[in-house]
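Source file final.txt; content: compact mmCIF, C-alpha atoms.
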```txt
# COMPACT_ATOMS: atom_id res chain seq x y z
CA MET B 19 106.13 83.31 96.26
CA LEU B 20 104.87 84.26 99.71
CA GLY B 21 107.67 82.27 101.34
CA PHE B 22 110.24 84.09 99.24
CA ALA B 23 108.69 87.45 100.11
CA ALA B 24 108.74 86.60 103.82
CA GLY B 25 112.38 85.54 103.62
CA ALA B 26 113.28 88.70 101.75
CA MET B 27 111.61 90.86 104.40
CA ILE B 28 113.41 89.07 107.23
CA PHE B 29 116.70 89.52 105.36
CA VAL B 30 116.05 93.25 104.95
CA VAL B 31 115.22 93.63 108.65
CA VAL B 32 118.39 91.84 109.73
CA GLU B 33 120.69 93.49 107.20
CA GLU B 34 119.38 97.05 107.20
CA LEU B 35 117.20 97.79 110.20
CA ILE B 36 119.19 96.12 112.95
CA PRO B 37 122.72 97.48 112.51
CA GLU B 38 123.53 96.90 116.19
CA SER B 39 123.63 93.17 115.48
CA GLN B 40 126.39 93.72 112.93
CA ARG B 41 128.92 95.92 114.70
CA ILE B 42 131.75 93.50 113.94
CA TYR B 43 132.07 93.21 110.17
CA GLU B 44 133.38 89.62 110.25
CA ASN B 45 130.16 88.40 111.92
CA ILE B 46 127.62 89.80 109.47
CA ASP B 47 127.03 86.50 107.67
CA LEU B 48 126.90 84.58 110.95
CA VAL B 49 124.30 86.95 112.38
CA THR B 50 122.18 86.73 109.24
CA MET B 51 122.32 82.94 109.02
CA SER B 52 121.63 82.55 112.75
CA THR B 53 118.56 84.75 112.48
CA MET B 54 117.29 82.77 109.51
CA ALA B 55 117.91 79.47 111.31
CA GLY B 56 116.10 80.73 114.40
CA PHE B 57 113.14 81.84 112.34
CA SER B 58 113.04 78.47 110.58
CA VAL B 59 113.07 76.60 113.89
CA MET B 60 110.28 78.84 115.18
CA MET B 61 108.15 78.11 112.09
CA ILE B 62 108.78 74.36 112.32
CA LEU B 63 107.77 74.32 115.98
CA ASP B 64 104.70 76.40 115.21
CA VAL B 65 103.52 73.96 112.56
CA ALA B 66 104.45 70.86 114.58
CA LEU B 67 102.90 71.98 117.87
CA GLY B 68 100.10 74.18 116.60
```
Represent the structure contained in this file as structure tokens.
Amino acid sequence: MLGFAAGAMIFVVVEELIPESQRIYENIDLVTMSTMAGFSVMMILDVALG
């Protein structure tokens, strides 16, 4: 449940609070998925190296 809540909060930040990242309408999904992938890589590296 905590993982879902964290993912939901990241989604809200990307979709609603950072509109500058979505100026071109065609790239909205790409920006969202790239942010999620970057966050996932950061968490994997944190667990692997920490």
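Across the structure, CA of Val32 (chain B) and CA of Thr50 (chain B) are spaced 6.4 Å apart.
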(request) Could you check how far CA of Met51 (chain B) sits from CA of Gly21 (chain B), in Å to one decimal? (result) 16.6 Å
Could the centre and edge lengths of an axis-aligned box, enclosing all atoms of region 55-58 of chain B in the file with 4 Å extra on each side, be given in Å to one decimal as JSON?
```
{"center_x": 115.5, "center_y": 80.2, "center_z": 112.5, "size_x": 12.9, "size_y": 11.4, "size_z": 11.8}
```
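One distance worth recording is that between CA of Glu34 (chain B) and CA of Ile46 (chain B), which is 11.2 Å.
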(request) Find the residues near Phe57 (chain B): any atom within 12 Å, counting all atoms listed in the file, skip ones fewer than 3 places away on the same chain, and give them as an MDAnalysis selection string. (result) chainID B and resid 24:25 28:29 32 50:54 60:64
